[in-house]
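A.B. asks: So that you have it, the file is coords10.csv, and it contains CSV, C-alpha atoms and all ligand atoms:
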```csv
chain,number,residue,atom,x,y,z
A,871,MET,CA,229.7,197.6,223.6
A,872,GLY,CA,231.5,200.2,225.5
A,873,ILE,CA,233.2,200.1,228.9
A,874,MET,CA,233.4,203.4,230.6
A,875,THR,CA,236.2,203.3,233.1
A,876,ARG,CA,239.1,205.2,234.6
A,877,ASP,CA,241.5,202.3,233.9
A,878,CYS,CA,241.1,200.3,230.6
A,879,GLN,CA,243.9,198.0,231.7
A,880,GLY,CA,242.2,197.2,235.0
A,881,TRP,CA,241.6,193.6,235.9
A,882,CYS,CA,237.8,193.8,235.5
A,883,SER,CA,238.0,195.8,232.2
A,884,LEU,CA,240.3,193.1,230.8
A,885,GLN,CA,238.0,190.4,231.9
A,886,LEU,CA,235.0,192.1,230.2
A,887,LYS,CA,237.0,192.7,227.0
A,888,LYS,CA,237.9,189.0,226.9
A,889,ALA,CA,234.2,188.0,227.5
A,890,MET,CA,233.1,190.3,224.7
A,891,LYS,CA,235.6,188.9,222.2
A,892,LYS,CA,234.3,185.3,223.0
A,893,GLN,CA,230.9,186.6,221.7
A,894,ASN,CA,232.3,188.4,218.7
A,895,ILE,CA,231.6,191.8,220.2
A,896,ALA,CA,234.1,194.6,219.5
A,897,PRO,CA,234.9,196.3,222.9
A,898,VAL,CA,235.4,200.0,223.1
A,899,CYS,CA,237.0,200.9,226.3
A,900,PHE,CA,237.2,204.5,227.1
A,901,GLY,CA,238.1,206.8,230.0
A,902,TYR,CA,236.0,209.8,231.1
A,903,ARG,CA,238.7,212.2,230.0
A,904,HIS,CA,238.2,211.3,226.3
A,905,ILE,CA,234.5,211.9,226.2
A,906,ILE,CA,233.0,214.9,224.4
A,907,GLY,CA,229.3,215.9,224.7
A,908,ARG,CA,228.1,218.3,221.9
A,909,ILE,CA,224.9,220.3,221.7
A,910,LYS,CA,223.5,221.5,218.4
A,911,TYR,CA,226.1,219.8,216.3
A,912,ALA,CA,227.2,216.2,215.7
A,913,PRO,CA,228.3,213.8,217.0
A,914,GLU,CA,226.4,214.4,220.2
A,915,VAL,CA,228.6,212.1,222.2
A,916,SER,CA,232.0,211.0,221.0
A,917,VAL,CA,235.0,209.3,222.4
A,918,GLU,CA,238.2,209.2,220.5
A,919,ASN,CA,237.1,208.0,217.0
A,920,ALA,CA,233.8,206.6,218.1
A,921,ASP,CA,230.4,208.2,217.6
A,922,VAL,CA,228.9,206.7,220.8
A,923,LEU,CA,225.2,206.9,219.8
A,924,LYS,CA,225.8,205.4,216.4
A,925,ASP,CA,228.6,202.9,217.1
A,926,LEU,CA,227.6,201.5,220.5
A,927,LYS,CA,224.5,199.6,221.7
A,928,ALA,CA,225.3,199.3,225.3
A,929,VAL,CA,227.7,200.9,227.8
A,930,ILE,CA,229.0,199.2,231.0
A,931,THR,CA,229.9,201.6,233.7
A,932,ARG,CA,232.9,200.8,235.8
A,933,PRO,CA,233.8,203.0,238.8
A,934,ILE,CA,232.8,206.6,238.2
A,935,ALA,CA,235.9,207.3,240.2
A,936,ARG,CA,236.8,210.3,242.3
A,937,GLY,CA,236.6,213.8,241.0
A,938,SER,CA,235.3,217.3,241.6
A,939,ILE,CA,231.6,217.8,241.9
A,940,GLU,CA,231.6,219.2,238.3
A,941,GLU,CA,233.5,216.2,236.9
A,942,ILE,CA,231.2,213.7,238.7
A,943,MET,CA,228.0,215.6,237.7
A,944,PHE,CA,229.2,215.8,234.1
A,945,ARG,CA,229.9,212.0,233.9
A,946,MET,CA,226.5,211.2,235.5
A,947,ASN,CA,224.6,213.7,233.2
A,948,LEU,CA,226.4,212.2,230.2
A,949,LEU,CA,225.2,208.8,231.2
A,950,HIS,CA,221.6,210.2,231.6
A,951,LYS,CA,221.9,211.7,228.1
A,952,LEU,CA,223.0,208.4,226.6
A,953,GLU,CA,220.1,206.6,228.4
A,954,ARG,CA,217.6,209.2,227.1
A,955,SER,CA,218.9,208.6,223.6
A,956,GLY,CA,217.9,204.9,224.0
A,957,MET,CA,221.2,203.4,224.9
A,958,LEU,CA,221.4,200.5,227.4
A,959,ILE,CA,223.5,201.7,230.4
A,960,ILE,CA,224.5,199.1,232.9
A,961,ASN,CA,224.2,200.2,235.6
A,962,PRO,CA,221.5,202.8,234.9
A,963,PRO,CA,222.7,206.2,236.1
A,964,LEU,CA,219.9,206.7,238.6
A,965,SER,CA,220.8,203.4,240.3
A,966,ILE,CA,224.4,204.6,240.6
A,967,GLU,CA,223.3,207.9,242.1
A,968,ARG,CA,221.2,206.0,244.7
A,969,ALA,CA,223.8,203.4,245.5
A,970,VAL,CA,226.8,205.7,246.0
A,971,ASP,CA,224.9,207.8,248.5
A,972,LYS,CA,224.7,205.8,251.8
A,973,TYR,CA,221.8,207.9,253.1
A,974,TYR,CA,219.8,207.8,249.9
A,975,SER,CA,220.2,204.1,249.4
A,976,LEU,CA,219.6,203.1,253.0
A,977,THR,CA,216.4,205.1,253.3
A,978,LEU,CA,215.1,203.5,250.0
A,979,LEU,CA,215.9,200.0,251.4
A,980,ASP,CA,214.3,200.7,254.7
A,981,GLU,CA,211.1,202.1,253.1
A,982,ASN,CA,210.9,198.8,251.2
A,983,ASN,CA,211.2,196.7,254.3
A,984,ILE,CA,214.8,195.5,253.7
A,985,PRO,CA,216.4,195.0,257.1
A,986,VAL,CA,219.2,197.6,257.6
A,987,PRO,CA,221.1,198.7,260.7
A,988,ARG,CA,219.8,201.6,262.8
A,989,THR,CA,221.5,204.7,261.4
A,990,ALA,CA,221.5,208.4,262.1
A,991,VAL,CA,222.7,211.3,259.9
A,992,THR,CA,223.2,214.9,260.8
A,993,GLU,CA,225.3,217.9,260.0
A,994,SER,CA,225.6,219.0,263.6
A,995,HIS,CA,228.2,217.7,266.1
A,996,ASP,CA,225.8,218.3,269.0
A,997,GLU,CA,223.0,216.4,267.4
A,998,ALA,CA,225.5,213.7,266.4
A,999,LEU,CA,226.4,213.2,270.0
A,1000,LYS,CA,222.7,212.7,270.9
A,1001,CYS,CA,222.5,210.1,268.1
A,1002,PHE,CA,225.7,208.4,269.4
A,1003,LYS,CA,223.9,207.8,272.7
A,1004,GLU,CA,220.7,206.7,271.0
A,1005,LEU,CA,222.7,204.1,269.0
A,1006,GLY,CA,224.2,202.6,272.2
A,1007,GLU,CA,227.6,204.4,272.2
A,1008,ASP,CA,229.2,201.8,269.8
A,1009,VAL,CA,228.9,203.1,266.3
A,1010,VAL,CA,230.5,202.9,262.8
A,1011,LEU,CA,231.0,206.5,261.5
A,1012,LYS,CA,231.3,206.5,257.7
A,1013,PRO,CA,231.7,209.0,254.8
A,1014,VAL,CA,228.3,209.3,253.1
A,1015,PHE,CA,230.1,208.8,249.7
A,1016,GLY,CA,232.7,206.1,250.5
A,1017,SER,CA,233.9,202.7,249.4
A,1018,ARG,CA,236.5,200.0,250.2
A,1019,GLY,CA,236.1,200.7,253.9
A,1020,ILE,CA,238.1,204.0,253.6
A,1021,GLY,CA,237.3,206.4,256.4
A,1022,ALA,CA,234.8,204.0,258.2
A,1023,THR,CA,235.7,204.3,261.9
A,1024,ARG,CA,234.4,202.4,264.9
A,1025,ILE,CA,233.8,204.7,267.9
A,1026,SER,CA,232.8,203.6,271.3
A,1027,ASP,CA,234.3,206.3,273.5
A,1028,PRO,CA,232.1,209.4,274.0
A,1029,GLU,CA,235.2,211.7,274.3
A,1030,VAL,CA,236.6,210.4,271.0
A,1031,ALA,CA,233.1,210.8,269.5
A,1032,ILE,CA,232.9,214.5,270.5
A,1033,ARG,CA,236.4,215.2,269.1
A,1034,VAL,CA,235.8,213.4,265.8
A,1035,PHE,CA,232.2,214.8,265.3
A,1036,ARG,CA,233.5,218.4,265.9
A,1037,THR,CA,236.4,218.0,263.5
A,1038,ILE,CA,234.3,216.5,260.7
A,1039,SER,CA,231.5,219.2,261.1
A,1040,PHE,CA,234.2,221.9,261.1
A,1041,TYR,CA,235.1,220.8,257.6
A,1042,HIS,CA,231.4,220.6,256.6
A,1043,GLY,CA,231.3,216.8,256.5
A,1044,VAL,CA,228.0,215.0,257.1
A,1045,LEU,CA,228.0,212.8,260.2
A,1046,TYR,CA,226.6,209.4,259.2
A,1047,GLN,CA,226.7,206.9,262.0
A,1048,GLN,CA,225.4,203.4,262.4
A,1049,GLU,CA,224.9,201.0,265.3
A,1050,PHE,CA,227.8,198.5,265.4
A,1051,ILE,CA,226.5,195.1,264.3
A,1052,PRO,CA,228.6,192.3,266.1
A,1053,HIS,CA,229.3,190.2,263.0
A,1054,GLY,CA,232.2,188.0,264.2
A,1055,SER,CA,234.5,189.5,261.6
A,1056,SER,CA,232.8,188.1,258.6
A,1057,ASP,CA,230.2,189.3,256.1
A,1058,ILE,CA,228.6,188.1,252.9
A,1059,ARG,CA,228.9,189.5,249.4
A,1060,ALA,CA,226.2,188.4,246.9
A,1061,PHE,CA,226.8,189.2,243.3
A,1062,VAL,CA,223.5,189.9,241.6
A,1063,ILE,CA,222.9,190.0,237.9
A,1064,GLY,CA,219.3,190.7,236.8
A,1065,ASP,CA,217.1,188.5,238.9
A,1066,LYS,CA,219.8,186.1,240.1
A,1067,VAL,CA,222.6,185.8,242.6
A,1068,ILE,CA,225.2,184.3,240.3
A,1069,ALA,CA,227.9,183.9,242.9
A,1070,SER,CA,228.5,184.7,246.5
A,1071,MET,CA,231.2,184.6,249.1
A,1072,GLN,CA,231.9,185.0,252.8
A,1073,ARG,CA,234.7,187.4,253.7
A,1074,PHE,CA,236.7,186.7,256.9
A,1075,SER,CA,238.7,189.6,258.2
A,1076,PRO,CA,241.4,190.1,260.9
A,1077,THR,CA,239.5,193.2,262.0
A,1078,TRP,CA,235.9,194.4,262.1
A,1079,LYS,CA,236.1,195.8,258.6
A,1080,THR,CA,235.4,193.0,256.1
A,1081,ASN,CA,236.3,194.7,252.8
A,1082,VAL,CA,238.7,192.5,250.8
A,1083,SER,CA,240.7,195.8,250.3
A,1084,CYS,CA,241.1,195.8,254.1
A,1085,GLY,CA,242.6,192.3,254.1
A,1086,ALA,CA,239.6,190.1,254.4
A,1087,LYS,CA,239.9,186.7,252.8
A,1088,PRO,CA,237.1,185.5,250.5
A,1089,VAL,CA,235.7,182.0,251.0
A,1090,SER,CA,233.2,180.4,248.6
A,1091,LEU,CA,229.6,180.3,249.9
A,1092,ASN,CA,226.4,178.6,249.0
A,1093,LEU,CA,223.9,181.3,249.9
A,1094,SER,CA,220.5,180.3,251.3
A,1095,THR,CA,217.5,180.9,249.0
A,1096,GLU,CA,216.2,183.3,251.6
A,1097,LEU,CA,219.3,185.5,251.5
A,1098,GLN,CA,219.4,185.2,247.7
A,1099,LYS,CA,215.9,186.6,247.5
A,1100,LEU,CA,216.8,189.4,249.9
A,1101,ALA,CA,219.9,190.4,247.8
A,1102,VAL,CA,218.0,190.4,244.5
A,1103,LYS,CA,215.1,192.4,246.1
A,1104,ALA,CA,217.5,195.0,247.6
A,1105,ALA,CA,219.4,195.4,244.2
A,1106,LYS,CA,216.0,195.9,242.5
A,1107,ILE,CA,214.9,198.6,244.9
A,1108,ILE,CA,218.1,200.6,244.1
A,1109,GLY,CA,217.6,199.9,240.4
A,1110,CYS,CA,220.9,198.1,239.9
A,1111,LYS,CA,221.0,195.4,237.1
A,1112,ILE,CA,224.4,194.3,238.4
A,1113,ALA,CA,225.1,194.7,242.1
A,1114,GLY,CA,227.5,193.6,244.8
A,1115,VAL,CA,225.1,193.3,247.8
A,1116,ASP,CA,226.8,193.2,251.2
A,1117,LEU,CA,224.9,191.4,254.0
A,1118,MET,CA,225.7,190.6,257.6
A,1119,GLU,CA,224.3,188.1,260.0
A,1120,GLY,CA,223.6,190.1,263.1
A,1121,PRO,CA,222.2,189.0,266.4
A,1122,LYS,CA,218.7,190.0,265.2
A,1123,GLY,CA,219.0,188.3,261.9
A,1124,PRO,CA,220.5,189.4,258.5
A,1125,VAL,CA,220.9,193.0,257.6
A,1126,VAL,CA,221.8,194.6,254.2
A,1127,LEU,CA,224.7,196.9,254.7
A,1128,GLU,CA,225.0,198.3,251.2
A,1129,ILE,CA,224.5,197.9,247.5
A,1130,ASN,CA,227.6,198.4,245.4
A,1131,SER,CA,226.6,199.6,241.9
A,1132,GLN,CA,230.1,199.3,240.5
A,1133,PRO,CA,231.4,196.1,242.2
A,1134,GLY,CA,234.8,194.6,241.4
A,1135,TRP,CA,234.9,190.8,241.3
A,1136,SER,CA,238.5,189.7,241.4
A,1137,GLY,CA,238.1,188.4,245.0
A,1138,LEU,CA,234.9,186.7,244.3
A,1139,GLN,CA,236.2,185.2,241.0
A,1140,SER,CA,239.0,183.5,242.9
A,1141,VAL,CA,236.5,181.4,244.9
A,1142,THR,CA,233.8,180.7,242.2
A,1143,LYS,CA,233.7,178.5,239.1
A,1144,VAL,CA,231.2,180.9,237.4
A,1145,ASN,CA,232.9,183.2,234.9
A,1146,ILE,CA,231.5,186.5,236.2
A,1147,ALA,CA,232.5,188.6,233.1
A,1148,ASP,CA,230.9,186.0,230.8
A,1149,GLU,CA,227.7,186.2,232.9
A,1150,ILE,CA,227.7,190.0,232.7
A,1151,ILE,CA,228.1,190.1,228.9
A,1152,SER,CA,225.4,187.3,228.4
A,1153,TYR,CA,223.0,189.3,230.5
A,1154,ILE,CA,223.6,192.5,228.6
A,1155,LEU,CA,223.1,190.6,225.3
A,1156,SER,CA,219.8,189.2,226.6
A,1157,GLU,CA,218.7,192.7,227.7
A,1158,LEU,CA,219.5,194.1,224.2
A,1159,LYS,CA,217.4,191.4,222.6
A,1160,ALA,CA,214.5,191.9,225.0
A,1201,LIG,N1,227.1,198.9,261.2
A,1201,LIG,C1,228.2,198.2,261.1
A,1201,LIG,N2,228.5,197.2,262.0
A,1201,LIG,C2,229.6,196.5,261.9
A,1201,LIG,N3,230.5,196.5,260.9
A,1201,LIG,C3,230.3,197.5,259.9
A,1201,LIG,C4,229.1,198.3,260.0
A,1201,LIG,N4,229.1,199.1,258.9
A,1201,LIG,C5,230.2,198.8,258.2
A,1201,LIG,N5,230.9,197.8,258.8
A,1201,LIG,C6,232.2,197.2,258.4
A,1201,LIG,O1,232.9,198.2,257.6
A,1201,LIG,C7,233.0,197.8,256.2
A,1201,LIG,C8,232.8,199.0,255.4
A,1201,LIG,O2,231.5,199.6,255.5
A,1201,LIG,P1,230.5,199.8,254.3
A,1201,LIG,O3,229.3,200.4,254.9
A,1201,LIG,O4,230.4,198.6,253.5
A,1201,LIG,O5,231.3,201.0,253.5
A,1201,LIG,P2,232.2,200.9,252.2
A,1201,LIG,O6,231.4,201.6,251.2
A,1201,LIG,O7,233.4,201.7,252.6
A,1201,LIG,O8,232.5,199.5,251.9
A,1201,LIG,C9,231.9,196.7,256.0
A,1201,LIG,O9,232.3,195.8,255.0
A,1201,LIG,C10,231.8,196.1,257.4
A,1201,LIG,O10,232.8,195.1,257.5
A,1202,MG,MG,231.1,197.9,251.6
```
The structure in this file should be written as structure tokens.
C.D. replies:
Amino acid sequence: MGIMTRDCQGWCSLQLKKAMKKQNIAPVCFGYRHIIGRIKYAPEVSVENADVLKDLKAVITRPIARGSIEEIMFRMNLLHKLERSGMLIINPPLSIERAVDKYYSLTLLDENNIPVPRTAVTESHDEALKCFKELGEDVVLKPVFGSRGIGATRISDPEVAIRVFRTISFYHGVLYQQEFIPHGSSDIRAFVIGDKVIASMQRFSPTWKTNVSCGAKPVSLNLSTELQKLAVKAAKIIGCKIAGVDLMEGPKGPVVLEINSQPGWSGLQSVTKVNIADEIISYILSELKA
């Protein structure tokens, strides 16, 4: 089994390697920089001394990481190539492409009747200002490709909105804004593997951003069956076999905020008895047998 990651010594990678060893699986942990794709001569995909298509049965993708458009496209197309060659890729590349793009994923969720916040996306600062008013002049503006809460900004002042929209559109950014959901500084993370929520937590934050990386504290949570079903359904729509589903209890009921296709789990692991890495490896083994 391979782990494709930027950081082979990262906490999640080490957990996965430990879980593989318990099952007598030899882990091959490799970074994107070591991969070679060949056309018309063998091996078609190699990494260090491994012939990926011969030596590995499955590859776990950890964060695709930041990079230029060419680097990211190459990594994704390589995953597609591996998948076309019959390898099990967790998560499948298409699901990663859907999940990392906030507009792509939210439209898919909405089309499939998953409750999501009202959202507007445009390239123009003038149009964005109209949307700001439509959304009640209290919005969260986010990068379309973002994570860990970086760059997400709450705006409730029209003058600030104009300045920020103009600046972002000047640099050819896309203006993705969402109505602010009053959530009382907490949200829910459900960790989905296959058809199950294997663990979940509530995150309590000192600010409106509830990412653990922004200082939120995880607390163990027994998720209701209804929300478990919602999380599993949402992950399935995106195509993720493993997903960190973020949910919020808003005044009009629960909403799905996003599906993380490359979720970390150190925060969640600290408040659950389930060994998450073991669950991931057992799931992959069962998929390989299926
Ligand atoms: N519409 C919203 N209303 C209220 N809080 C939000 C909203 N959108 C995001 N947040 C807060 O900001 C955090 C980061 O937003 P999110 O959409 O999850 O992006 P990221 O990919 O950066 O985690 C969320 O965990 C949540 O606490
Ligand atoms: Mg998030």
A.B. asks: At a cut-off of 9 Å, using only C-alpha atoms, what residues contact Glu993 (chain A)? Leave out same-chain residues fewer than 6 positions from it and give the result as a ChimeraX atom specification.
C.D. replies: /A:1039,1042-1046
A.B. asks: Using Å and a single decimal, report how far CA of Ser1017 (chain A) sits from CA of Met874 (chain A).
C.D. replies: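 Going from CA of Met874 (chain A) over to CA of Ser1017 (chain A) covers 18.8 Å.
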A.B. asks: Tell me, counting all atoms listed in the file, for each residue of chain A within 7 Å of ligand MG 1202 (chain A), which pair of atoms is nearest and how far apart they are in Å to one decimal, in rows ordered by chain and increasing number, as CSV.
C.D. replies:
```
residue,atom,partner,partner_atom,distance
A:Ser1017,CA,A:MG1202,MG,6.0
A:Arg1018,CA,A:MG1202,MG,6.0
A:Gly1019,CA,A:MG1202,MG,6.2
A:Asn1081,CA,A:MG1202,MG,6.2
A:Asp1116,CA,A:MG1202,MG,6.4
A:Glu1128,CA,A:MG1202,MG,6.1
```
A.B. asks: Taking only C-alpha atoms and all ligand atoms into account, report as a PyMOL selection string which residues have an atom no farther than 8 Å from an atom of ligand LIG 1201 (chain A).
C.D. replies: chain A and resi 972+987-988+1009-1010+1012-1013+1015-1023+1048-1053+1055-1057+1078-1081+1116+1127-1128+1130
A.B. asks: Between A:Ile1154, A:Ile1129, A:Ala1069, A:Leu1093, which is the closest to Gly872 (chain A) once you count only C-alpha atoms?
C.D. replies: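 Ranked by minimum distance to Gly872 (chain A), first place goes to A:Ile1154.
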A.B. asks: For a quick check of understanding, using all atoms listed in the file, which of A:Val898, A:Ala969, A:Leu958, A:Val922 has the smallest distance to Ala1160 (chain A)?
C.D. replies: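 Closest to Ala1160 (chain A) of all the choices is A:Leu958.
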